[in-house]
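Enquirer: Okay, so here is start.tsv, and as you'll see once you scroll down, it has TSV, C-alpha atoms and all ligand atoms.
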chain	number	residue	atom	x	y	z
A	137	MET	CA	81.38	8.41	-127.04
A	138	ALA	CA	79.08	10.87	-128.81
A	139	ILE	CA	75.92	12.51	-127.53
A	140	ALA	CA	73.21	13.97	-129.76
A	141	GLN	CA	70.52	16.44	-128.72
A	142	THR	CA	67.23	15.41	-127.04
A	143	ASP	CA	69.47	13.30	-124.91
A	144	PRO	CA	70.12	10.11	-126.86
A	145	LEU	CA	73.34	8.67	-125.60
A	146	LEU	CA	75.50	6.94	-128.15
A	147	LEU	CA	78.08	4.50	-127.00
A	148	PHE	CA	80.60	4.06	-129.67
A	149	SER	CA	83.81	2.16	-130.20
A	150	PRO	CA	85.31	2.79	-133.59
A	151	THR	CA	86.22	0.80	-136.64
A	152	SER	CA	89.95	1.05	-135.95
A	153	ALA	CA	88.94	-2.23	-134.40
A	154	THR	CA	89.02	-3.66	-137.95
A	155	GLN	CA	92.80	-3.84	-137.55
A	156	LEU	CA	92.34	-6.39	-134.80
A	157	SER	CA	92.14	-10.15	-135.30
A	158	PRO	CA	88.57	-11.52	-135.74
A	159	PRO	CA	88.37	-12.98	-132.16
A	160	CYS	CA	89.53	-9.64	-130.66
A	161	ARG	CA	87.07	-7.77	-132.82
A	162	ARG	CA	84.22	-10.02	-131.69
A	163	GLN	CA	85.27	-9.56	-128.06
A	164	LEU	CA	85.25	-5.77	-128.50
A	165	ARG	CA	81.83	-5.78	-130.19
A	166	ASP	CA	80.47	-8.03	-127.43
A	167	LYS	CA	81.81	-5.75	-124.72
A	168	LEU	CA	80.27	-2.72	-126.41
A	169	ARG	CA	76.89	-4.44	-126.74
A	170	GLY	CA	77.13	-5.58	-123.11
A	171	GLU	CA	77.76	-2.00	-121.96
A	172	MET	CA	74.85	-0.76	-124.08
A	173	LEU	CA	72.40	-3.32	-122.67
A	174	ASP	CA	73.54	-2.67	-119.11
A	175	LEU	CA	72.83	1.06	-119.57
A	176	GLN	CA	69.53	0.48	-121.41
A	177	HIS	CA	68.34	-1.56	-118.44
A	178	ALA	CA	68.37	1.66	-116.41
A	179	ALA	CA	65.65	3.13	-118.69
A	180	ALA	CA	63.04	3.39	-115.94
A	181	PHE	CA	65.37	5.56	-113.86
A	182	LEU	CA	66.39	7.91	-116.69
A	183	PRO	CA	64.65	10.93	-118.29
A	184	GLY	CA	63.66	9.61	-121.75
A	185	THR	CA	67.13	8.66	-122.90
A	186	ARG	CA	67.84	6.61	-126.02
A	187	ILE	CA	71.02	4.58	-125.77
A	188	SER	CA	72.56	2.92	-128.80
A	189	SER	CA	75.95	1.60	-129.80
A	190	SER	CA	77.92	0.60	-132.86
A	191	VAL	CA	81.45	0.17	-134.11
A	192	ASP	CA	80.53	2.18	-137.23
A	193	TYR	CA	81.21	5.93	-137.08
A	194	SER	CA	77.93	6.66	-138.90
A	195	VAL	CA	76.10	6.03	-135.60
A	196	THR	CA	77.47	9.38	-134.38
A	197	ALA	CA	76.16	11.39	-137.37
A	198	GLY	CA	74.59	14.73	-136.48
A	199	SER	CA	75.77	14.73	-132.85
A	200	HIS	CA	75.70	18.00	-130.95
A	201	LEU	CA	78.40	16.88	-128.57
A	202	CYS	CA	81.10	14.25	-129.10
A	203	ILE	CA	82.98	13.17	-126.00
A	204	ILE	CA	86.24	11.30	-126.57
A	205	THR	CA	87.33	9.08	-123.69
A	206	ALA	CA	89.17	6.40	-125.71
A	207	GLY	CA	92.77	5.76	-124.97
A	208	ALA	CA	95.52	4.25	-122.94
A	209	ARG	CA	95.49	5.21	-119.29
A	210	GLN	CA	98.33	5.66	-116.82
A	211	ILE	CA	99.65	2.77	-114.81
A	212	ALA	CA	100.92	3.47	-111.29
A	213	GLY	CA	103.89	5.87	-111.43
A	214	GLU	CA	103.29	7.02	-115.02
A	215	SER	CA	102.47	10.68	-115.65
A	216	ARG	CA	99.69	11.78	-118.00
A	217	LEU	CA	102.29	13.17	-120.40
A	218	ASP	CA	103.81	9.67	-120.73
A	219	LEU	CA	100.70	8.69	-122.73
A	220	VAL	CA	101.25	11.16	-125.58
A	221	GLN	CA	102.54	8.91	-128.38
A	222	ARG	CA	100.05	6.08	-127.84
A	223	ASN	CA	97.03	8.33	-127.66
A	224	VAL	CA	97.97	10.76	-130.45
A	225	ALA	CA	98.17	7.78	-132.83
A	226	MET	CA	94.67	6.73	-131.76
A	227	PHE	CA	93.29	10.26	-132.16
A	228	LYS	CA	94.55	10.41	-135.75
A	229	LYS	CA	92.05	7.67	-136.54
A	230	ILE	CA	89.16	8.85	-134.39
A	231	VAL	CA	88.96	12.63	-134.81
A	232	PRO	CA	88.71	13.00	-138.62
A	233	GLU	CA	85.89	10.42	-138.68
A	234	LEU	CA	83.93	12.15	-135.89
A	235	ALA	CA	84.42	15.56	-137.53
A	236	LYS	CA	83.17	14.19	-140.85
A	237	GLN	CA	80.02	12.70	-139.30
A	238	SER	CA	79.16	15.71	-137.12
A	239	PRO	CA	80.73	18.83	-138.65
A	240	ALA	CA	78.68	21.20	-136.46
A	241	SER	CA	79.34	19.43	-133.15
A	242	THR	CA	81.38	20.47	-130.16
A	243	ILE	CA	84.09	17.98	-129.22
A	244	LEU	CA	84.90	17.43	-125.56
A	245	VAL	CA	88.18	15.58	-124.97
A	246	VAL	CA	88.77	13.60	-121.78
A	247	SER	CA	91.58	11.18	-122.74
A	248	ASN	CA	95.04	12.02	-121.42
A	249	PRO	CA	97.15	14.01	-121.66
A	250	VAL	CA	93.98	16.00	-122.08
A	251	ASP	CA	95.51	19.40	-122.95
A	252	VAL	CA	97.78	17.97	-125.64
A	253	LEU	CA	94.99	15.80	-127.06
A	254	THR	CA	92.61	18.77	-127.15
A	255	TYR	CA	95.21	20.61	-129.26
A	256	VAL	CA	95.54	17.50	-131.45
A	257	THR	CA	91.75	17.34	-131.84
A	258	TRP	CA	91.59	20.99	-132.82
A	259	LYS	CA	94.24	20.46	-135.50
A	260	LEU	CA	92.79	17.20	-136.84
A	261	SER	CA	89.15	18.31	-136.87
A	262	GLY	CA	89.64	21.70	-138.52
A	263	PHE	CA	86.90	22.98	-136.16
A	264	PRO	CA	86.94	26.53	-134.80
A	265	ALA	CA	88.79	26.60	-131.46
A	266	GLY	CA	85.61	27.48	-129.56
A	267	ARG	CA	84.10	24.08	-130.41
A	268	VAL	CA	87.06	22.00	-129.17
A	269	ILE	CA	87.24	21.74	-125.39
A	270	GLY	CA	89.19	19.57	-122.95
A	271	SER	CA	87.73	18.51	-119.60
A	272	GLY	CA	90.97	19.96	-118.23
A	273	THR	CA	91.01	21.20	-114.65
A	274	ASN	CA	87.24	21.04	-114.13
A	275	LEU	CA	88.10	17.88	-112.16
A	276	ASP	CA	91.17	19.33	-110.40
A	277	SER	CA	89.06	22.32	-109.32
A	278	SER	CA	86.50	19.99	-107.76
A	279	ARG	CA	89.29	18.20	-105.89
A	280	PHE	CA	90.61	21.62	-104.80
A	281	ARG	CA	87.17	22.73	-103.59
A	282	PHE	CA	86.63	19.45	-101.76
A	283	LEU	CA	89.94	19.73	-99.89
A	284	LEU	CA	89.45	23.44	-99.12
A	285	ALA	CA	85.92	22.77	-97.87
A	286	ASP	CA	87.22	19.98	-95.66
A	287	HIS	CA	89.91	22.27	-94.25
A	288	LEU	CA	87.54	25.20	-93.68
A	289	GLU	CA	84.65	22.98	-92.53
A	290	VAL	CA	82.21	24.34	-95.09
A	291	ASN	CA	80.25	22.87	-98.00
A	292	ALA	CA	82.30	22.38	-101.20
A	293	GLN	CA	79.50	23.97	-103.25
A	294	ASP	CA	80.00	27.22	-101.31
A	295	VAL	CA	83.71	27.30	-102.17
A	296	GLN	CA	84.61	29.08	-105.39
A	297	ALA	CA	88.16	28.17	-106.36
A	298	HIS	CA	89.95	27.38	-109.59
A	299	MET	CA	92.88	25.26	-110.62
A	300	VAL	CA	94.16	26.38	-114.04
A	301	GLY	CA	96.91	25.44	-116.49
A	302	GLU	CA	97.82	21.85	-117.27
A	303	HIS	CA	95.57	19.02	-116.08
A	304	GLY	CA	98.66	17.47	-114.60
A	305	ASP	CA	101.82	18.13	-112.68
A	306	SER	CA	102.20	21.83	-113.58
A	307	SER	CA	98.62	22.85	-112.70
A	308	VAL	CA	98.24	26.17	-110.87
A	309	ALA	CA	96.09	26.91	-107.81
A	310	LEU	CA	94.54	30.38	-107.86
A	311	TRP	CA	94.76	31.26	-104.17
A	312	SER	CA	94.05	34.94	-104.49
A	313	SER	CA	90.54	34.47	-105.89
A	314	ILE	CA	89.22	31.80	-103.49
A	315	THR	CA	85.90	32.80	-101.97
A	316	VAL	CA	83.55	31.06	-99.57
A	317	GLY	CA	79.95	32.21	-99.82
A	318	GLY	CA	81.21	35.23	-101.75
A	319	VAL	CA	83.75	36.22	-99.05
A	320	PRO	CA	87.38	36.40	-100.31
A	321	VAL	CA	89.33	33.96	-98.12
A	322	LEU	CA	92.88	35.34	-98.09
A	323	SER	CA	92.02	39.02	-97.68
A	324	SER	CA	89.57	38.27	-94.87
A	325	LEU	CA	92.18	36.49	-92.75
A	326	LYS	CA	93.96	38.44	-90.06
A	327	ASN	CA	97.68	38.96	-90.78
A	328	SER	CA	98.75	36.60	-88.01
A	329	GLN	CA	96.79	33.74	-89.58
A	330	ILE	CA	98.09	34.14	-93.10
A	331	LYS	CA	101.36	32.28	-92.61
A	332	TYR	CA	99.54	29.30	-91.14
A	333	GLU	CA	96.95	29.36	-93.92
A	334	GLU	CA	99.57	29.61	-96.65
A	335	GLU	CA	101.20	26.42	-95.37
A	336	ALA	CA	97.83	24.65	-95.24
A	337	LEU	CA	96.97	25.84	-98.74
A	338	GLU	CA	100.29	24.60	-100.11
A	339	ARG	CA	99.57	21.18	-98.59
A	340	ILE	CA	96.18	21.26	-100.29
A	341	ARG	CA	97.70	22.22	-103.67
A	342	LYS	CA	100.13	19.32	-103.44
A	343	ALA	CA	97.28	16.97	-102.54
A	344	VAL	CA	95.30	18.12	-105.60
A	345	VAL	CA	98.26	17.52	-107.92
A	346	GLY	CA	98.86	14.11	-106.32
A	347	SER	CA	95.17	13.08	-106.30
A	348	ALA	CA	95.08	10.99	-109.48
A	349	TYR	CA	98.41	9.33	-108.65
A	350	GLU	CA	97.04	8.31	-105.26
A	351	VAL	CA	93.75	6.92	-106.63
A	352	ILE	CA	95.56	5.07	-109.44
A	353	ARG	CA	97.99	3.55	-106.92
A	354	LEU	CA	95.06	2.45	-104.75
A	355	LYS	CA	92.44	1.25	-107.25
A	356	GLY	CA	94.19	1.23	-110.63
A	357	TYR	CA	92.29	4.09	-112.33
A	358	THR	CA	90.06	7.08	-111.58
A	359	SER	CA	86.42	6.96	-112.62
A	360	TRP	CA	83.70	8.42	-110.37
A	361	ALA	CA	84.89	12.02	-110.09
A	362	ILE	CA	85.78	12.32	-113.79
A	363	GLY	CA	82.38	10.85	-114.65
A	364	TYR	CA	80.63	13.55	-112.60
A	365	SER	CA	82.93	16.21	-114.00
A	366	VAL	CA	82.16	15.27	-117.62
A	367	ALA	CA	78.41	14.99	-116.93
A	368	ASN	CA	78.58	18.46	-115.36
A	369	LEU	CA	80.27	19.86	-118.50
A	370	ALA	CA	77.89	18.05	-120.87
A	371	ARG	CA	74.88	19.50	-119.04
A	372	THR	CA	76.23	23.05	-119.34
A	373	LEU	CA	77.02	22.59	-123.04
A	374	LEU	CA	73.85	20.84	-124.15
A	375	ARG	CA	71.45	22.90	-122.05
A	376	ASP	CA	73.16	26.19	-122.88
A	377	GLN	CA	73.58	26.96	-119.19
A	378	ARG	CA	76.32	29.56	-119.77
A	379	ARG	CA	78.09	28.50	-116.57
A	380	ILE	CA	81.79	29.09	-115.91
A	381	HIS	CA	84.06	26.04	-115.82
A	382	PRO	CA	87.83	25.76	-115.91
A	383	VAL	CA	88.38	23.82	-119.16
A	384	SER	CA	91.16	23.28	-121.62
A	385	LEU	CA	90.97	25.76	-124.51
A	386	LEU	CA	93.16	27.65	-126.95
A	387	ALA	CA	94.87	29.96	-124.46
A	388	LYS	CA	97.09	32.14	-126.65
A	389	GLY	CA	96.65	35.81	-125.91
A	390	PHE	CA	95.09	35.27	-122.47
A	391	TYR	CA	96.86	36.00	-119.18
A	392	GLY	CA	100.13	36.92	-120.91
A	393	ILE	CA	100.41	33.69	-122.93
A	394	PRO	CA	102.07	34.78	-126.20
A	395	ASP	CA	100.01	34.94	-129.40
A	396	ASP	CA	102.45	32.73	-131.29
A	397	LYS	CA	101.94	29.78	-128.89
A	398	GLU	CA	98.85	27.80	-129.85
A	399	VAL	CA	98.82	26.10	-126.51
A	400	PHE	CA	95.76	24.44	-124.97
A	401	LEU	CA	95.38	24.59	-121.19
A	402	SER	CA	92.65	25.28	-118.68
A	403	LEU	CA	91.28	28.73	-117.93
A	404	PRO	CA	87.88	29.57	-116.42
A	405	ALA	CA	85.51	29.93	-119.37
A	406	GLN	CA	81.83	30.48	-119.95
A	407	LEU	CA	80.27	27.56	-121.84
A	408	GLY	CA	77.05	27.22	-123.77
A	409	ARG	CA	75.39	25.40	-126.62
A	410	LYS	CA	77.95	26.60	-129.16
A	411	GLY	CA	80.99	25.77	-127.01
A	412	ILE	CA	83.18	28.46	-125.49
A	413	ILE	CA	81.44	31.83	-125.12
A	414	GLY	CA	84.31	33.67	-123.45
A	415	VAL	CA	87.23	33.43	-121.04
A	416	ALA	CA	86.68	34.86	-117.56
A	417	ASN	CA	88.96	37.67	-116.53
A	418	VAL	CA	90.12	36.51	-113.09
A	419	GLU	CA	92.74	38.74	-111.52
A	420	LEU	CA	95.97	36.79	-110.98
A	421	THR	CA	98.86	37.71	-108.71
A	422	GLU	CA	102.30	38.02	-110.29
A	423	GLU	CA	103.25	34.63	-108.80
A	424	GLU	CA	100.12	32.94	-110.21
A	425	SER	CA	100.82	34.45	-113.66
A	426	VAL	CA	104.40	33.16	-113.59
A	427	HIS	CA	103.22	29.63	-112.70
A	428	LEU	CA	100.57	29.74	-115.43
A	429	ARG	CA	103.07	30.81	-118.09
A	430	ARG	CA	105.41	28.03	-116.91
A	431	SER	CA	102.59	25.51	-117.30
A	432	ALA	CA	101.98	26.88	-120.82
A	433	GLU	CA	105.69	26.41	-121.65
A	434	THR	CA	105.61	22.79	-120.44
A	435	LEU	CA	102.66	21.97	-122.68
A	436	TRP	CA	103.86	23.99	-125.66
A	437	GLU	CA	107.19	22.11	-125.66
A	438	ILE	CA	105.25	18.87	-126.19
A	439	GLN	CA	102.61	20.21	-128.58
A	440	ARG	CA	105.04	21.91	-130.93
A	441	GLN	CA	106.98	18.67	-131.49
A	442	LEU	CA	103.95	16.67	-132.58
A	443	ASP	CA	103.78	15.52	-136.17
A	444	LEU	CA	100.11	16.04	-137.13
A	501	LIG	N1	90.95	14.04	-118.13
A	501	LIG	C1	90.75	13.39	-117.00
A	501	LIG	O1	90.53	14.00	-115.95
A	501	LIG	C2	90.77	11.90	-117.00
A	501	LIG	C3	91.23	11.26	-118.13
A	501	LIG	N2	91.27	9.91	-118.16
A	501	LIG	C4	91.81	9.33	-119.38
A	501	LIG	O2	90.76	8.72	-120.13
A	501	LIG	C5	91.32	7.68	-120.94
A	501	LIG	C6	90.53	6.41	-120.71
A	501	LIG	O3	90.69	5.98	-119.37
A	501	LIG	P1	89.84	4.75	-118.81
A	501	LIG	O4	88.42	4.90	-119.20
A	501	LIG	O5	90.20	4.60	-117.39
A	501	LIG	O6	90.50	3.58	-119.66
A	501	LIG	P2	89.83	2.19	-120.08
A	501	LIG	O7	90.99	1.32	-120.45
A	501	LIG	O8	88.85	1.74	-119.08
A	501	LIG	O9	89.01	2.59	-121.37
A	501	LIG	C7	89.66	2.97	-122.53
A	501	LIG	C8	88.70	2.67	-123.65
A	501	LIG	O10	89.34	3.08	-124.86
A	501	LIG	C9	88.96	2.14	-125.83
A	501	LIG	N3	89.97	2.08	-126.88
A	501	LIG	C10	91.21	1.55	-126.83
A	501	LIG	N4	91.80	1.67	-128.02
A	501	LIG	C11	90.92	2.28	-128.84
A	501	LIG	C12	90.96	2.68	-130.20
A	501	LIG	N5	92.04	2.50	-130.97
A	501	LIG	N6	89.90	3.29	-130.67
A	501	LIG	C13	88.85	3.52	-129.89
A	501	LIG	N7	88.72	3.15	-128.64
A	501	LIG	C14	89.76	2.54	-128.11
A	501	LIG	C15	88.89	0.80	-125.12
A	501	LIG	O11	88.05	-0.08	-125.83
A	501	LIG	C16	88.32	1.19	-123.79
A	501	LIG	O12	86.91	1.09	-123.78
A	501	LIG	C17	92.79	7.57	-120.52
A	501	LIG	O13	93.58	8.29	-121.43
A	501	LIG	C18	92.81	8.22	-119.15
A	501	LIG	O14	94.09	8.71	-118.81
A	501	LIG	C19	90.80	9.14	-117.15
A	501	LIG	C20	90.33	9.73	-116.00
A	501	LIG	C21	90.33	11.17	-115.83
A	502	LIG	C1	93.48	10.18	-114.58
A	502	LIG	C2	93.31	11.62	-114.43
A	502	LIG	O1	93.72	12.40	-115.26
A	502	LIG	C3	92.66	12.12	-113.25
A	502	LIG	O2	91.92	11.41	-112.56
A	502	LIG	O3	92.89	13.30	-112.92
Would it be possible to restate this file's structure as structure tokens?
Expert:
Amino acid sequence: MAIAQTDPLLLFSPTSATQLSPPCRRQLRDKLRGEMLDLQHAAAFLPGTRISSSVDYSVTAGSHLCIITAGARQIAGESRLDLVQRNVAMFKKIVPELAKQSPASTILVVSNPVDVLTYVTWKLSGFPAGRVIGSGTNLDSSRFRFLLADHLEVNAQDVQAHMVGEHGDSSVALWSSITVGGVPVLSSLKNSQIKYEEEALERIRKAVVGSAYEVIRLKGYTSWAIGYSVANLARTLLRDQRRIHPVSLLAKGFYGIPDDKEVFLSLPAQLGRKGIIGVANVELTEEESVHLRRSAETLWEIQRQLDL
């Protein structure tokens, strides 16, 4: 999918479809046109949005933001990292074409494993790192805030809390910086409560990490929350809102991640029209730093073996 400025929304399914048999190709084109019409029929409820679709990459030309959601998804029990080979092969066809059509765009990757594929997109596009972003733990952080809000009986929008690292099994919860309405949660608890809260928070962390597995087991895929998460990121990027989101980015040199590891993972970053403006300097405890570096190692082991 690619989105140009002034809000046209381009639905796009690429010409790698030419490798399919004619009946499959027709089916794919029909599905794409069906999706386009279904969205166009919402015109009266939308703010002046033009929606078009094509299987030709030229339809994306001059986009300000390209969002890649194509790819195989997990089946129950599979991890995101199990998708690497299938989706890297697909990205080798998609990314160079998008980069050629929209050389000044920002690319937002959603397909899994999102951190690895964001790295792959950076390499294949030749774009500066600041214009290649993965949706990363923007979604995990919303799940985290939802569960914390439920536990503390407050509104999730008043909870500031980040998950960082891999969008996956090695993600890291930043306990020490959680605030509710600006009040730091851990330091405001009386000593006697801390043990109890630490146990509750660990249960919440495990629930965040297990969230996608649970939804996939129950309904086959996740869709609503990631849709809101990506819309939230697109709004910040296209409207130059300069908000802070945890997203997947080139993390070398930040938080003790070595300079020679070109690893992509999520850190809280300020985003605007030109992509990443800067990485927020959140204070981590020693334990949080260790977990983050471990997450970086997990991803780097996979990334460095890719043949791009
Ligand atoms: N980062 C995140 O938080 C999330 C990531 N995902 C990931 O997004 C990806 C898509 O998931 P769903 O939308 O549920 O899957 P889906 O199966 O509903 O959609 C995948 C789409 O990819 C397209 N596609 C398949 N092969 C293609 C090719 N060679 N070229 C171009 N397009 C192709 C298909 O036509 C289909 O429309 C998966 O990798 C999934 O794991 C999904 C939810 C959350
Ligand atoms: C599928 C996936 O990555 C998620 O919902 O978190």
Enquirer: Enumerate, in order of chain and increasing residue number, the residues of chain A with an atom no farther than 9 Å from ligand LIG 501 (chain A), each with its shortest atom pair and distance in Å to one decimal, counting only C-alpha atoms and all ligand atoms, as a tab-separated table.
Expert:
residue	atom	partner	partner_atom	distance
A:Phe148	CA	A:LIG501	N7	8.2
A:Ser149	CA	A:LIG501	C13	5.2
A:Pro150	CA	A:LIG501	C13	5.2
A:Thr151	CA	A:LIG501	N6	7.4
A:Ser152	CA	A:LIG501	N5	5.6
A:Ala153	CA	A:LIG501	N5	6.6
A:Leu164	CA	A:LIG501	O11	6.9
A:Lys167	CA	A:LIG501	O11	8.5
A:Leu168	CA	A:LIG501	O12	8.1
A:Ile204	CA	A:LIG501	O2	8.3
A:Thr205	CA	A:LIG501	O2	5.0
A:Ala206	CA	A:LIG501	O10	3.4
A:Gly207	CA	A:LIG501	O10	4.4
A:Ala208	CA	A:LIG501	O13	4.7
A:Arg209	CA	A:LIG501	C17	3.8
A:Gln210	CA	A:LIG501	O14	5.6
A:Arg216	CA	A:LIG501	O14	6.4
A:Leu219	CA	A:LIG501	O13	7.2
A:Asn223	CA	A:LIG501	O13	7.1
A:Ala225	CA	A:LIG501	N5	8.3
A:Met226	CA	A:LIG501	N5	5.0
A:Phe227	CA	A:LIG501	N6	7.9
A:Lys229	CA	A:LIG501	N5	7.6
A:Ile230	CA	A:LIG501	N6	6.7
A:Val245	CA	A:LIG501	N1	7.5
A:Val246	CA	A:LIG501	N1	4.3
A:Ser247	CA	A:LIG501	O2	3.7
A:Asn248	CA	A:LIG501	O13	4.0
A:Pro249	CA	A:LIG501	O13	6.7
A:Val250	CA	A:LIG501	N1	5.4
A:Asp251	CA	A:LIG501	N1	8.5
A:Gly270	CA	A:LIG501	N1	7.5
A:Ser271	CA	A:LIG501	N1	5.7
A:Gly272	CA	A:LIG501	N1	5.9
A:Thr273	CA	A:LIG501	O1	7.3
A:Asn274	CA	A:LIG501	O1	8.0
A:Leu275	CA	A:LIG501	O1	5.9
A:Asp276	CA	A:LIG501	O1	7.7
A:His303	CA	A:LIG501	N1	7.1
A:Gly304	CA	A:LIG501	O1	8.9
A:Ala348	CA	A:LIG501	C21	7.9
A:Gly356	CA	A:LIG501	O5	8.5
A:Tyr357	CA	A:LIG501	O5	5.5
A:Thr358	CA	A:LIG501	C20	5.2
A:Ser359	CA	A:LIG501	C20	5.9
A:Trp360	CA	A:LIG501	C20	8.8
A:Ala361	CA	A:LIG501	C21	8.0
A:Ile362	CA	A:LIG501	C21	5.1
A:Gly363	CA	A:LIG501	C21	8.0
A:Ser365	CA	A:LIG501	O1	8.2
A:Val366	CA	A:LIG501	O1	8.6
Enquirer: For a quick check of understanding, using all atoms listed in the file, which of A:Gly389, A:Pro264, A:Gly213, A:Gly411 has the smallest distance to ligand LIG 502 (chain A)?
Expert: A:Gly213
Enquirer: So, counting all atoms listed in the file, which residue among A:Glu398, A:Glu350, A:Glu302, A:Asp286 is closest to Leu337 (chain A)?
Expert: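 Closest to Leu337 (chain A), using all atoms listed in the file: A:Asp286.
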Enquirer: Box time for ligand LIG 502 (chain A): axis-aligned, enclosing all its listed atoms, 5 Å extra on each side; report centre and edge lengths in Å to one decimal, as lines of an AutoDock Vina configuration file.
Expert:
center_x = 92.8
center_y = 11.7
center_z = -113.9
size_x = 11.8
size_y = 13.1
size_z = 12.7
Enquirer: Quick one, how far is CA of Trp258 (chain A) from CA of Ile187 (chain A)?
Expert: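 A separation of 27.2 Å between them.
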Enquirer: Using all atoms listed in the file, pick whichever of A:Val220, A:Met172, A:Ala235, A:Val415 has the shortest atom-to-atom distance to Ala197 (chain A).
Expert: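 Distance minimum relative to Ala197 (chain A) lands on A:Ala235.
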Enquirer: What is the CA of Glu433 (chain A) to atom C3 of ligand LIG 502 (chain A) distance in Å?
Expert: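 Separating CA of Glu433 (chain A) from atom C3 of ligand LIG 502 (chain A) is a distance of 21.1 Å.
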Enquirer: Taking all atoms listed in the file into account, which of A:Arg339, A:His427, A:Arg279, A:Arg222 comes nearest ligand LIG 502 (chain A)?
Expert: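 Nearest to ligand LIG 502 (chain A): A:Arg279.
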Enquirer: With distances taken over only C-alpha atoms and all ligand atoms, which residue among A:Ser347, A:Ser425, A:Ser324, A:Ser306 lies nearest ligand LIG 502 (chain A)?
Expert: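 Using only C-alpha atoms and all ligand atoms, ligand LIG 502 (chain A) sits closest to A:Ser347.
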Enquirer: Could you work out how far CA of Ile243 (chain A) lies from CA of Ile269 (chain A), giving the answer in Å with one decimal?
Expert: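 Taking CA of Ile269 (chain A) as the start and CA of Ile243 (chain A) as the end point, the length is 6.2 Å.
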Enquirer: Which residue gives the smallest distance to Lys355 (chain A) among A:Ile211, A:Leu322, A:Val290, A:Leu374, with only C-alpha atoms counted?
Expert: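 The closest residue to Lys355 (chain A) is A:Ile211.
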Enquirer: Phe282 (chain A): which residues within 12 Å, counting all atoms listed in the file, same-chain residues fewer than 3 positions away excluded, as a PyMOL selection string?
Expert: chain A and resi 275-279+285-298+340-341+343-344+347+361
Enquirer: Determine, counting all atoms listed in the file, which protein, DNA and RNA residues have an atom within 12 Å of an atom of Leu175 (chain A); residues of the same chain fewer than 3 positions away are not included. Present the result as a list in words.
Expert: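 So the residues in contact are Pro144, Leu145, Leu146, Leu147, Leu168, Arg169, Gly170, Glu171, Met172, Ala178, Ala179, Ala180, Phe181, Leu182, Thr185, Arg186, Ile187, Ser188 and Ser189 of chain A.
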